[in-house]
$ cat protein06.txt   # compact mmCIF, C-alpha atoms
# COMPACT_ATOMS: atom_id res chain seq x y z
CA MET M 1 144.10 78.98 112.01
CA SER M 2 143.46 77.09 115.21
CA ASP M 3 147.07 75.95 115.68
CA ASP M 4 149.11 78.78 117.16
CA ASP M 5 152.37 77.10 116.06
CA ASP M 6 151.18 77.31 112.45
CA ASN M 7 150.21 80.96 112.90
CA ALA M 8 153.82 81.88 113.66
CA PHE M 9 154.75 81.05 110.08
CA LEU M 10 152.01 83.15 108.49
CA ASP M 11 152.27 86.83 107.71
CA PRO M 12 149.40 89.07 108.87
CA THR M 13 147.76 89.14 105.43
CA SER M 14 147.68 85.34 105.23
CA LEU M 15 146.47 84.93 108.80
CA TYR M 16 143.75 87.54 108.24
CA ALA M 17 142.61 85.70 105.09
CA ALA M 18 142.57 82.39 106.98
CA ARG M 19 140.40 83.90 109.72
CA VAL M 20 138.01 85.26 107.07
CA ASP M 21 137.82 81.84 105.41
CA GLU M 22 137.08 80.21 108.75
CA GLY M 23 134.30 82.72 109.46
CA ASP M 24 136.03 84.23 112.48
CA LEU M 25 136.37 87.60 110.72
CA LYS M 26 134.39 89.47 108.11
CA ARG M 27 136.41 90.95 105.28
CA ASP M 28 136.82 94.70 105.73
CA ALA M 29 138.59 96.92 103.19
CA ALA M 30 139.79 99.40 105.83
CA GLN M 31 141.35 96.61 107.86
CA GLU M 32 142.93 95.04 104.78
CA SER M 33 144.50 98.36 103.82
CA VAL M 34 146.90 98.27 106.79
CA LEU M 35 147.95 94.63 106.34
CA PRO M 36 150.79 95.38 103.87
CA GLU M 37 152.42 97.65 106.48
CA LEU M 38 152.12 94.94 109.12
CA ASP M 39 153.58 92.40 106.69
CA ARG M 40 156.49 94.75 106.00
CA LEU M 41 157.15 95.28 109.68
CA ARG M 42 157.05 91.55 110.42
CA ARG M 43 159.64 90.87 107.71
CA GLU M 44 161.94 93.61 108.97
CA LEU M 45 161.67 92.58 112.61
CA ARG M 46 162.38 88.95 111.83
CA ALA M 47 165.40 89.99 109.74
CA MET M 48 167.01 91.96 112.59
CA PRO M 49 169.97 90.36 114.42
CA HIS M 50 169.18 88.22 117.43
CA ARG M 51 169.86 89.78 120.82
CA SER M 52 173.26 88.06 121.20
CA GLN M 53 174.37 89.59 117.90
CA ARG M 54 172.85 92.98 118.72
CA ARG M 55 174.96 93.40 121.85
CA GLY M 56 178.09 93.48 119.72
CA PHE M 57 176.40 95.84 117.32
CA LEU M 58 175.35 98.15 120.13
CA ARG M 59 178.99 98.51 121.22
CA ARG M 60 179.87 99.78 117.75
CA ALA M 61 176.96 102.16 117.27
CA LYS M 62 175.31 104.86 119.36
CA THR M 63 171.86 103.97 118.08
CA VAL M 64 170.15 100.99 116.49
CA GLU M 65 167.99 101.80 113.47
CA ALA M 66 164.87 99.80 114.25
CA PRO M 67 162.15 99.24 111.64
CA LYS M 68 159.48 101.89 111.44
CA GLY M 69 156.48 100.99 113.54
CA VAL M 70 152.79 101.43 112.72
CA TYR M 71 150.35 103.90 114.31
CA MET M 72 146.77 102.72 113.63
CA TRP M 73 144.06 105.20 114.48
CA GLY M 74 140.34 105.50 113.89
CA GLY M 75 136.95 105.32 115.54
CA VAL M 76 136.31 102.87 118.35
CA GLY M 77 135.34 99.34 117.38
CA ARG M 78 137.00 99.41 113.95
CA GLY M 79 139.24 96.40 114.58
CA LYS M 80 142.49 98.16 115.50
CA SER M 81 143.17 96.03 118.57
CA MET M 82 142.26 92.86 116.69
CA LEU M 83 144.76 93.71 113.93
CA MET M 84 147.49 94.49 116.42
CA ASP M 85 146.90 91.19 118.23
CA LEU M 86 146.88 89.33 114.92
CA PHE M 87 150.20 90.97 114.00
CA VAL M 88 151.81 90.04 117.34
CA GLU M 89 150.59 86.48 116.86
CA THR M 90 152.69 86.13 113.67
CA LEU M 91 156.00 87.32 115.15
CA ASP M 92 157.31 83.86 116.09
CA ASN M 93 160.49 84.35 118.16
CA VAL M 94 160.62 88.17 118.01
CA PRO M 95 160.58 89.39 121.66
CA ALA M 96 157.40 91.45 121.92
CA ARG M 97 155.05 92.76 124.56
CA ARG M 98 151.42 93.75 124.10
CA VAL M 99 150.18 96.12 126.82
CA HIS M 100 147.57 98.82 127.34
CA PHE M 101 149.30 102.18 127.00
CA HIS M 102 147.88 103.57 130.23
CA ALA M 103 149.08 100.52 132.17
CA PHE M 104 152.54 100.85 130.60
CA MET M 105 152.84 104.48 131.62
CA GLN M 106 151.86 103.60 135.19
CA GLU M 107 154.65 101.00 135.20
CA VAL M 108 157.06 103.65 133.91
CA GLN M 109 156.12 106.09 136.67
CA LYS M 110 156.53 103.38 139.34
CA GLY M 111 159.93 102.48 137.89
CA MET M 112 161.00 106.12 137.93
CA ASN M 113 159.90 106.49 141.55
CA ALA M 114 161.95 103.43 142.48
CA ALA M 115 164.99 104.84 140.65
CA ARG M 116 164.66 108.17 142.47
CA LYS M 117 164.65 106.36 145.81
CA GLU M 118 167.98 104.82 144.80
CA GLY M 119 169.40 108.30 144.24
CA ILE M 120 169.42 108.14 140.43
CA SER M 121 169.24 111.70 139.13
CA ASP M 122 167.83 110.78 135.70
CA PRO M 123 165.26 108.01 136.42
CA ILE M 124 164.02 107.74 132.83
CA GLY M 125 167.34 106.19 131.73
CA PRO M 126 167.20 102.93 133.73
CA VAL M 127 163.48 102.48 132.99
CA ALA M 128 164.06 102.81 129.24
CA GLU M 129 167.07 100.47 129.41
CA LYS M 130 165.00 97.83 131.19
CA VAL M 131 162.30 98.03 128.50
CA ALA M 132 164.82 97.84 125.65
CA ALA M 133 166.59 94.87 127.24
CA SER M 134 163.42 92.76 127.26
CA VAL M 135 161.68 93.44 123.92
CA ARG M 136 162.25 94.31 120.31
CA LEU M 137 158.61 95.33 119.79
CA LEU M 138 156.15 97.16 122.04
CA ALA M 139 152.50 96.84 121.01
CA PHE M 140 150.39 99.49 122.74
CA ASP M 141 146.63 99.38 122.90
CA GLU M 142 144.93 102.78 123.01
CA MET M 143 147.62 105.41 123.02
CA GLN M 144 146.04 108.50 124.53
CA ILE M 145 147.69 111.13 126.66
CA THR M 146 145.58 113.32 128.90
CA ASP M 147 147.82 113.55 131.96
CA ILE M 148 150.49 116.25 132.12
CA THR M 149 152.83 113.87 133.97
CA ASP M 150 152.71 111.38 131.09
CA ALA M 151 153.05 114.22 128.59
CA MET M 152 156.28 115.37 130.21
CA ILE M 153 157.75 111.84 130.31
CA VAL M 154 156.94 110.27 126.94
CA GLY M 155 159.26 112.39 124.77
CA ARG M 156 162.52 111.44 126.48
CA LEU M 157 161.32 107.91 127.23
CA PHE M 158 160.47 107.12 123.61
CA GLU M 159 163.60 108.83 122.35
CA LYS M 160 165.67 106.39 124.42
CA ILE M 161 163.52 103.38 123.52
CA PHE M 162 163.73 104.13 119.80
CA ALA M 163 167.49 104.74 120.04
CA ASP M 164 167.91 101.32 121.67
CA GLY M 165 166.31 99.61 118.68
CA VAL M 166 162.76 99.06 119.94
CA THR M 167 159.90 99.32 117.45
CA VAL M 168 156.41 100.45 118.47
CA VAL M 169 153.02 99.48 117.10
CA THR M 170 150.05 101.27 118.62
CA THR M 171 146.35 101.83 118.29
CA SER M 172 144.64 105.12 119.08
CA ASN M 173 141.30 106.81 118.62
CA ARG M 174 143.17 109.99 117.64
CA PRO M 175 145.71 110.92 114.96
CA PRO M 176 149.13 111.86 116.37
CA ASP M 177 148.48 115.59 115.92
CA ASP M 178 145.49 115.37 118.28
CA LEU M 179 147.32 113.69 121.16
CA TYR M 180 147.24 115.76 124.37
CA LYS M 181 145.06 118.24 122.50
CA ASP M 182 144.49 121.45 124.50
CA GLY M 183 146.74 120.05 127.24
CA LEU M 184 148.69 122.23 129.63
CA ASN M 185 152.06 123.35 128.21
CA ARG M 186 151.33 121.40 125.02
CA GLN M 187 154.16 123.10 123.13
CA ILE M 188 156.62 121.05 125.19
CA PHE M 189 154.84 117.93 123.96
CA LEU M 190 154.95 118.73 120.22
CA PRO M 191 158.43 117.24 119.55
CA PHE M 192 157.07 113.88 120.71
CA ILE M 193 154.37 114.06 118.01
CA ASP M 194 157.05 114.77 115.40
CA MET M 195 159.05 111.80 116.70
CA LEU M 196 156.03 109.49 116.38
CA LYS M 197 155.42 110.57 112.80
CA ASP M 198 159.10 110.08 111.98
CA ARG M 199 159.45 106.64 113.61
CA MET M 200 156.03 105.22 112.69
CA VAL M 201 153.83 104.86 109.63
CA VAL M 202 150.54 106.56 110.47
CA HIS M 203 147.51 104.71 109.09
CA GLU M 204 143.84 105.57 109.55
CA LEU M 205 141.25 102.79 109.74
CA ALA M 206 138.22 104.47 108.26
CA SER M 207 135.82 101.53 108.40
CA PRO M 208 132.11 102.44 108.59
CA THR M 209 131.41 99.42 110.82
CA ASP M 210 131.64 99.28 114.61
CA TYR M 211 132.67 95.67 115.16
CA ARG M 212 132.16 95.86 118.90
CA LEU M 213 128.46 95.57 118.26
CA HIS M 214 128.59 93.68 114.94
CA HIS M 215 128.39 90.17 116.39
CA THR M 216 126.68 91.08 119.63
CA ASP M 217 122.96 91.34 120.21
CA LEU M 218 122.62 94.25 122.62
CA ALA M 219 118.86 94.50 122.21
CA ARG M 220 118.79 93.46 125.87
CA VAL M 221 121.26 95.00 128.31
CA TYR M 222 119.56 94.64 131.71
CA PHE M 223 119.33 91.14 133.20
CA THR M 224 117.43 90.00 136.29
CA PRO M 225 117.21 88.08 138.58
CA LEU M 226 120.71 87.12 139.70
CA ASN M 227 121.05 83.46 138.78
CA SER M 228 123.24 81.13 136.73
CA GLU M 229 121.38 81.93 133.51
CA THR M 230 121.97 85.68 133.97
CA ARG M 231 125.66 85.13 134.76
CA ALA M 232 126.05 82.95 131.66
CA LYS M 233 124.43 85.63 129.47
CA ILE M 234 126.70 88.37 130.82
CA THR M 235 129.74 86.16 130.24
CA GLU M 236 128.56 85.48 126.67
CA ILE M 237 128.18 89.20 125.95
CA TRP M 238 131.62 89.95 127.40
CA SER M 239 133.18 87.20 125.29
CA ASP M 240 131.52 88.61 122.17
CA LEU M 241 132.72 92.13 122.97
CA THR M 242 136.31 91.18 123.72
CA GLY M 243 137.03 87.85 122.08
CA GLY M 244 137.61 86.52 125.58
CA GLN M 245 140.73 88.63 126.07
CA SER M 246 141.06 91.34 128.71
CA GLU M 247 143.36 92.76 131.35
CA PRO M 248 142.89 94.95 134.42
CA LEU M 249 143.01 98.71 133.92
CA GLU M 250 144.34 100.95 136.66
CA ILE M 251 143.16 104.56 136.40
CA ASP M 252 145.07 107.19 138.33
CA VAL M 253 142.72 109.73 139.93
CA TYR M 254 144.60 112.37 141.88
CA GLY M 255 147.14 109.82 143.07
CA ARG M 256 144.58 107.11 143.86
CA GLU M 257 144.21 103.95 141.77
CA VAL M 258 140.74 103.01 140.53
CA ILE M 259 140.81 99.48 139.13
CA LEU M 260 138.56 98.01 136.44
CA PRO M 261 139.21 94.26 136.81
CA PHE M 262 138.47 93.42 133.16
CA TYR M 263 139.18 95.84 130.32
CA ARG M 264 139.79 95.79 126.58
CA ASP M 265 139.48 98.46 123.89
CA ARG M 266 137.24 100.86 125.87
CA ARG M 267 135.03 98.02 127.16
CA ALA M 268 135.08 97.10 130.84
CA ARG M 269 133.49 94.63 133.22
CA ALA M 270 133.24 95.02 136.99
CA SER M 271 131.01 94.01 139.88
CA PHE M 272 128.76 96.32 141.86
CA TYR M 273 131.12 95.81 144.79
CA ASP M 274 134.16 96.77 142.68
CA LEU M 275 132.56 100.10 141.81
CA CYS M 276 130.30 100.93 144.74
CA GLY M 277 131.65 98.91 147.65
CA HIS M 278 134.67 101.21 148.05
CA ALA M 279 134.92 104.90 148.88
CA LEU M 280 134.76 106.16 145.30
CA GLY M 281 133.37 109.55 144.36
CA PRO M 282 132.35 111.69 141.37
CA ALA M 283 135.94 112.19 140.15
CA ASP M 284 136.52 108.43 140.12
CA TYR M 285 133.32 107.72 138.20
CA LEU M 286 134.09 110.52 135.75
CA ALA M 287 137.50 108.95 135.07
CA ILE M 288 135.82 105.60 134.45
CA ALA M 289 133.29 107.18 132.08
CA GLU M 290 136.13 108.83 130.16
CA ALA M 291 137.96 105.50 129.84
CA VAL M 292 135.09 103.35 128.51
CA ASP M 293 132.32 103.32 125.95
CA ILE M 294 130.71 100.09 127.20
CA LEU M 295 130.57 99.10 130.88
CA ILE M 296 129.19 95.87 132.35
CA VAL M 297 128.18 96.14 136.02
CA GLU M 298 127.33 92.78 137.58
CA GLU M 299 125.60 91.58 140.73
CA ILE M 300 123.69 94.76 141.62
CA PRO M 301 121.85 93.90 144.87
CA ARG M 302 118.59 95.25 146.20
CA LEU M 303 119.26 98.64 147.75
CA SER M 304 117.96 99.97 151.07
CA ARG M 305 119.01 101.73 154.28
CA ALA M 306 121.19 98.67 154.99
CA ASN M 307 123.53 99.56 152.14
CA PHE M 308 122.80 103.27 151.87
CA ASN M 309 126.39 104.38 151.14
CA GLU M 310 126.72 101.85 148.32
CA ALA M 311 123.35 102.98 146.96
CA LYS M 312 124.47 106.62 146.96
CA ARG M 313 127.60 105.69 145.02
CA PHE M 314 125.53 103.70 142.55
CA VAL M 315 123.31 106.73 141.93
CA THR M 316 126.41 108.85 141.25
CA LEU M 317 127.83 106.17 138.97
CA VAL M 318 124.64 105.92 136.90
CA ASP M 319 124.32 109.71 136.67
CA THR M 320 127.91 109.96 135.43
CA LEU M 321 127.52 107.17 132.87
CA TYR M 322 124.23 108.69 131.71
CA GLU M 323 125.74 112.12 131.13
CA ALA M 324 128.75 110.59 129.33
CA LYS M 325 126.52 108.41 127.11
CA VAL M 326 128.31 105.23 128.19
CA ARG M 327 126.57 102.02 127.08
CA LEU M 328 125.63 100.23 130.32
CA ILE M 329 124.99 96.49 130.66
CA CYS M 330 123.73 95.25 134.05
CA SER M 331 122.81 92.17 136.01
CA ALA M 332 120.69 92.99 139.04
CA ALA M 333 118.53 91.48 141.76
CA ALA M 334 115.45 93.31 140.46
CA SER M 335 114.27 95.53 137.64
CA PRO M 336 115.19 99.23 138.02
CA GLU M 337 111.88 100.34 139.52
CA PHE M 338 112.10 97.64 142.22
CA LEU M 339 115.80 97.94 143.08
CA TYR M 340 115.33 100.53 145.84
CA ILE M 341 111.80 100.56 147.23
CA GLU M 342 112.24 101.47 150.91
CA GLY M 343 114.46 103.49 153.16
CA GLU M 344 116.18 106.85 152.99
CA GLY M 345 116.92 107.80 149.42
CA SER M 346 114.29 105.58 147.79
CA PHE M 347 112.33 108.58 146.50
CA GLU M 348 115.44 110.14 144.95
CA PHE M 349 116.26 106.78 143.36
CA GLU M 350 113.23 107.11 141.09
CA ARG M 351 115.30 109.31 138.76
CA THR M 352 118.06 106.71 138.70
CA ALA M 353 115.54 103.98 137.88
CA SER M 354 114.17 106.13 135.07
CA ARG M 355 117.67 106.62 133.67
CA LEU M 356 118.43 102.90 133.90
CA MET M 357 115.32 102.16 131.87
CA GLU M 358 116.15 104.86 129.31
CA MET M 359 119.69 103.48 128.95
CA GLN M 360 118.25 100.10 127.93
CA ASP M 361 117.24 101.50 124.55
CA ARG M 362 119.36 99.79 121.88
CA THR M 363 120.28 103.16 120.35
CA TRP M 364 121.70 104.45 123.64
CA GLY M 365 125.41 105.25 123.77
CA LYS M 366 128.15 107.36 122.31
CA PRO M 367 128.02 107.96 118.54
CA HIS M 368 130.71 105.98 116.71
CA GLY M 369 132.10 106.66 113.30
$ encode --input "protein06.txt" --output "structure tokens"
Amino acid sequence: MSDDDDNAFLDPTSLYAARVDEGDLKRDAAQESVLPELDRLRRELRAMPHRSQRRGFLRRAKTVEAPKGVYMWGGVGRGKSMLMDLFVETLDNVPARRVHFHAFMQEVQKGMNAARKEGISDPIGPVAEKVAASVRLLAFDEMQITDITDAMIVGRLFEKIFADGVTVVTTSNRPPDDLYKDGLNRQIFLPFIDMLKDRMVVHELASPTDYRLHHTDLARVYFTPLNSETRAKITEIWSDLTGGQSEPLEIDVYGREVILPFYRDRRARASFYDLCGHALGPADYLAIAEAVDILIVEEIPRLSRANFNEAKRFVTLVDTLYEAKVRLICSAAASPEFLYIEGEGSFEFERTASRLMEMQDRTWGKPHG
């Protein structure tokens, strides 16, 4: 439906069917299989007392039994984020927040640091209370836990959030049992997995189709020269890959923040300056490669002794993306073999040019399935 006000009165199954009828979506059995759970959750959330009524209820009860959430997992590009967004769209007046899980955890850590500065001995408490006071539903995109700091926080944080009546819907590329797999002190993390499975319905999306590439012609991924036509083509590809929706992603690398200005569902878009105009190194580029499957890098200039440091970083970035099998889409001032033709480092750049040409093959990238 094009009218968002009308969407609020549709359940996810009806809205999904309307989008199929309008040609915005292609019917997919794996996606349809989770719709009854999303319908159920919408009904239960809308039936809960409004916040003014809940305050009185909270005084009479130690915990609020919130509806069970939904944990959708499966391969990248299977439509998990689309389904979650569609679900949130139907919630009408239910207070909800949709946020990337990594960004949420960074907010939590900042909130805890602020609480510690105020002398609060248990900083998780006020952070959880603030979350519970503002929403009845948290919708997380891409739950994945690789950082020991997050692993040590999430158990107590979610225990408090759930106890305060907040429901969680999340997407993930992994089943709950594989979260923080092989992580340090993982046994401390295991009760959190049990909590997720108790408070959420776990549902696998086993679609054979990668919808990130379904409507997008990626036969061409390297665009030159830098002009309005190239910029329009890059914008068109990004819109196809993301539906026009994105948010910044902050990646913590040993206490430093690396920012991808535009990010959604393991797809990111950044300029050459964003990635190579700052003092980033191999660890930063490795973190980026681990966070994305498709990366658009725009406005790559001609390289020479005049921008030697930026050129060196670009070489490291390409090497890292190449080794990680990240699908790379570029706009540049020249074709790879003519990007860096003079000055110190031009000979070494021949390998980078070769890799850039190899990465243009339409079969290049991480296997999905």
$ atom_distance --input "protein06.txt" --atom1 "atom CA of Tyr222 of chain M" --atom2 "atom CA of Cys330 of chain M"
4.8 Å
$ residues_around --input "protein06.txt" --residues "Gly345 of chain M" --least-positions-apart "6" --cutoff "10 Å" --atoms "only C-alpha atoms" --output "compact mmCIF listing (two decimals) with C-alpha atoms, in the frame of the given file"
# COMPACT_ATOMS: atom_id res chain seq x y z
CA LEU M 303 119.26 98.64 147.75
CA SER M 304 117.96 99.97 151.07
CA ARG M 305 119.01 101.73 154.28
CA PHE M 308 122.80 103.27 151.87
CA ALA M 311 123.35 102.98 146.96
CA LYS M 312 124.47 106.62 146.96
CA VAL M 315 123.31 106.73 141.93
$ closest_residue --input "protein06.txt" --among "M:Ser207, M:Glu44, M:Thr242, M:Ala133" --to "Arg27 of chain M" --atoms "all atoms listed in the file"
M:Ser207
$ atom_distance --input "protein06.txt" --atom1 "atom CA of Asp11 of chain M" --atom2 "atom CA of Met82 of chain M"
14.7 Å
$ residues_around --input "protein06.txt" --residues "Lys325 of chain M" --least-positions-apart "4" --cutoff "12 Å" --atoms "all atoms listed in the file" --output "VMD selection string"
chain M and resid 286 289 to 290 292 to 295 318 to 321 355 to 356 358 to 361 363 to 368
$ atom_distance --input "protein06.txt" --atom1 "atom CA of Cys276 of chain M" --atom2 "atom CA of Glu310 of chain M"
5.1 Å
$ closest_residue --input "protein06.txt" --among "M:Leu205, M:Leu190, M:Met84, M:Met105" --to "Asp39 of chain M" --atoms "all atoms listed in the file"
M:Met84
$ closest_residue --input "protein06.txt" --among "M:Gly111, M:Pro12, M:Pro126, M:Pro248" --to "Leu91 of chain M" --atoms "all atoms listed in the file"
M:Pro12
$ residues_around --input "protein06.txt" --residues "Leu38 of chain M" --least-positions-apart "5" --cutoff "10 Å" --atoms "all atoms listed in the file" --output "PyMOL selection string"
chain M and resi 11-13+33+43-44+69-70+83-84+86-88+90+169
$ closest_residue --input "protein06.txt" --among "M:Ile153, M:Ile120, M:Met200, M:Ala139" --to "Gln106 of chain M" --atoms "only C-alpha atoms"
M:Ile153
$ closest_residue --input "protein06.txt" --among "M:Ala47, M:Ala132, M:Ile188, M:Val168" --to "Ile148 of chain M" --atoms "all atoms listed in the file"
M:Ile188
$ closest_residue --input "protein06.txt" --among "M:Leu241, M:Ala66, M:Leu179, M:Val34" --to "Leu138 of chain M" --atoms "only C-alpha atoms"
M:Ala66
$ residues_around --input "protein06.txt" --residues "Asp284 of chain M" --least-positions-apart "2" --cutoff "12 Å" --atoms "all atoms listed in the file" --output "CSV table (one decimal) with C-alpha atoms, in the coordinates of the input"
chain,number,residue,atom,x,y,z
M,250,GLU,CA,144.3,101.0,136.7
M,251,ILE,CA,143.2,104.6,136.4
M,252,ASP,CA,145.1,107.2,138.3
M,253,VAL,CA,142.7,109.7,139.9
M,254,TYR,CA,144.6,112.4,141.9
M,255,GLY,CA,147.1,109.8,143.1
M,256,ARG,CA,144.6,107.1,143.9
M,257,GLU,CA,144.2,104.0,141.8
M,258,VAL,CA,140.7,103.0,140.5
M,259,ILE,CA,140.8,99.5,139.1
M,260,LEU,CA,138.6,98.0,136.4
M,275,LEU,CA,132.6,100.1,141.8
M,276,CYS,CA,130.3,100.9,144.7
M,278,HIS,CA,134.7,101.2,148.0
M,279,ALA,CA,134.9,104.9,148.9
M,280,LEU,CA,134.8,106.2,145.3
M,281,GLY,CA,133.4,109.6,144.4
M,282,PRO,CA,132.4,111.7,141.4
M,286,LEU,CA,134.1,110.5,135.8
M,287,ALA,CA,137.5,109.0,135.1
M,288,ILE,CA,135.8,105.6,134.4
M,289,ALA,CA,133.3,107.2,132.1
M,290,GLU,CA,136.1,108.8,130.2
M,291,ALA,CA,138.0,105.5,129.8
M,313,ARG,CA,127.6,105.7,145.0
M,316,THR,CA,126.4,108.8,141.2
M,317,LEU,CA,127.8,106.2,139.0
M,320,THR,CA,127.9,110.0,135.4
M,321,LEU,CA,127.5,107.2,132.9
$ build_atoms --input "protein06.txt" --residues "segment 270-288 of chain M" --atoms "N, CA and C atoms" --output "mmCIF file, keeping the file's coordinate frame"
data_model
loop_
_atom_site.group_PDB
_atom_site.id
_atom_site.type_symbol
_atom_site.label_atom_id
_atom_site.label_comp_id
_atom_site.auth_asym_id
_atom_site.auth_seq_id
_atom_site.Cartn_x
_atom_site.Cartn_y
_atom_site.Cartn_z
ATOM 1 N N ALA M 270 132.948 94.943 135.567
ATOM 2 C CA ALA M 270 133.240 95.020 136.990
ATOM 3 C C ALA M 270 131.978 94.667 137.761
ATOM 4 N N SER M 271 132.160 94.298 139.024
ATOM 5 C CA SER M 271 131.010 94.010 139.880
ATOM 6 C C SER M 271 130.518 95.282 140.559
ATOM 7 N N PHE M 272 129.291 95.216 141.075
ATOM 8 C CA PHE M 272 128.760 96.320 141.860
ATOM 9 C C PHE M 272 129.704 96.635 143.018
ATOM 10 N N TYR M 273 130.226 95.591 143.653
ATOM 11 C CA TYR M 273 131.120 95.810 144.790
ATOM 12 C C TYR M 273 132.405 96.509 144.352
ATOM 13 N N ASP M 274 132.947 96.128 143.182
ATOM 14 C CA ASP M 274 134.160 96.770 142.680
ATOM 15 C C ASP M 274 133.974 98.284 142.579
ATOM 16 N N LEU M 275 132.788 98.698 142.128
ATOM 17 C CA LEU M 275 132.560 100.100 141.810
ATOM 18 C C LEU M 275 131.864 100.885 142.924
ATOM 19 N N CYS M 276 131.087 100.216 143.732
ATOM 20 C CA CYS M 276 130.300 100.930 144.740
ATOM 21 C C CYS M 276 130.573 100.463 146.167
ATOM 22 N N GLY M 277 131.352 99.417 146.329
ATOM 23 C CA GLY M 277 131.650 98.910 147.650
ATOM 24 C C GLY M 277 132.869 99.556 148.271
ATOM 25 N N HIS M 278 133.491 100.479 147.551
ATOM 26 C CA HIS M 278 134.670 101.210 148.050
ATOM 27 C C HIS M 278 134.357 102.697 148.056
ATOM 28 N N ALA M 279 135.175 103.458 148.724
ATOM 29 C CA ALA M 279 134.920 104.900 148.880
ATOM 30 C C ALA M 279 135.313 105.661 147.624
ATOM 31 N N LEU M 280 134.552 105.432 146.550
ATOM 32 C CA LEU M 280 134.760 106.160 145.300
ATOM 33 C C LEU M 280 133.792 107.332 145.236
ATOM 34 N N GLY M 281 134.192 108.351 144.465
ATOM 35 C CA GLY M 281 133.370 109.550 144.360
ATOM 36 C C GLY M 281 133.210 110.009 142.920
ATOM 37 N N PRO M 282 132.621 111.187 142.727
ATOM 38 C CA PRO M 282 132.350 111.690 141.370
ATOM 39 C C PRO M 282 133.578 111.718 140.465
ATOM 40 N N ALA M 283 134.738 112.123 140.990
ATOM 41 C CA ALA M 283 135.940 112.190 140.150
ATOM 42 C C ALA M 283 136.341 110.813 139.663
ATOM 43 N N ASP M 284 136.179 109.798 140.508
ATOM 44 C CA ASP M 284 136.520 108.430 140.120
ATOM 45 C C ASP M 284 135.575 107.934 139.021
ATOM 46 N N TYR M 285 134.290 108.187 139.191
ATOM 47 C CA TYR M 285 133.320 107.720 138.200
ATOM 48 C C TYR M 285 133.472 108.493 136.889
ATOM 49 N N LEU M 286 133.847 109.756 136.971
ATOM 50 C CA LEU M 286 134.090 110.520 135.750
ATOM 51 C C LEU M 286 135.281 109.942 134.998
ATOM 52 N N ALA M 287 136.332 109.550 135.718
ATOM 53 C CA ALA M 287 137.500 108.950 135.070
ATOM 54 C C ALA M 287 137.138 107.635 134.405
ATOM 55 N N ILE M 288 136.277 106.848 135.052
ATOM 56 C CA ILE M 288 135.820 105.600 134.450
ATOM 57 C C ILE M 288 135.029 105.879 133.177
#
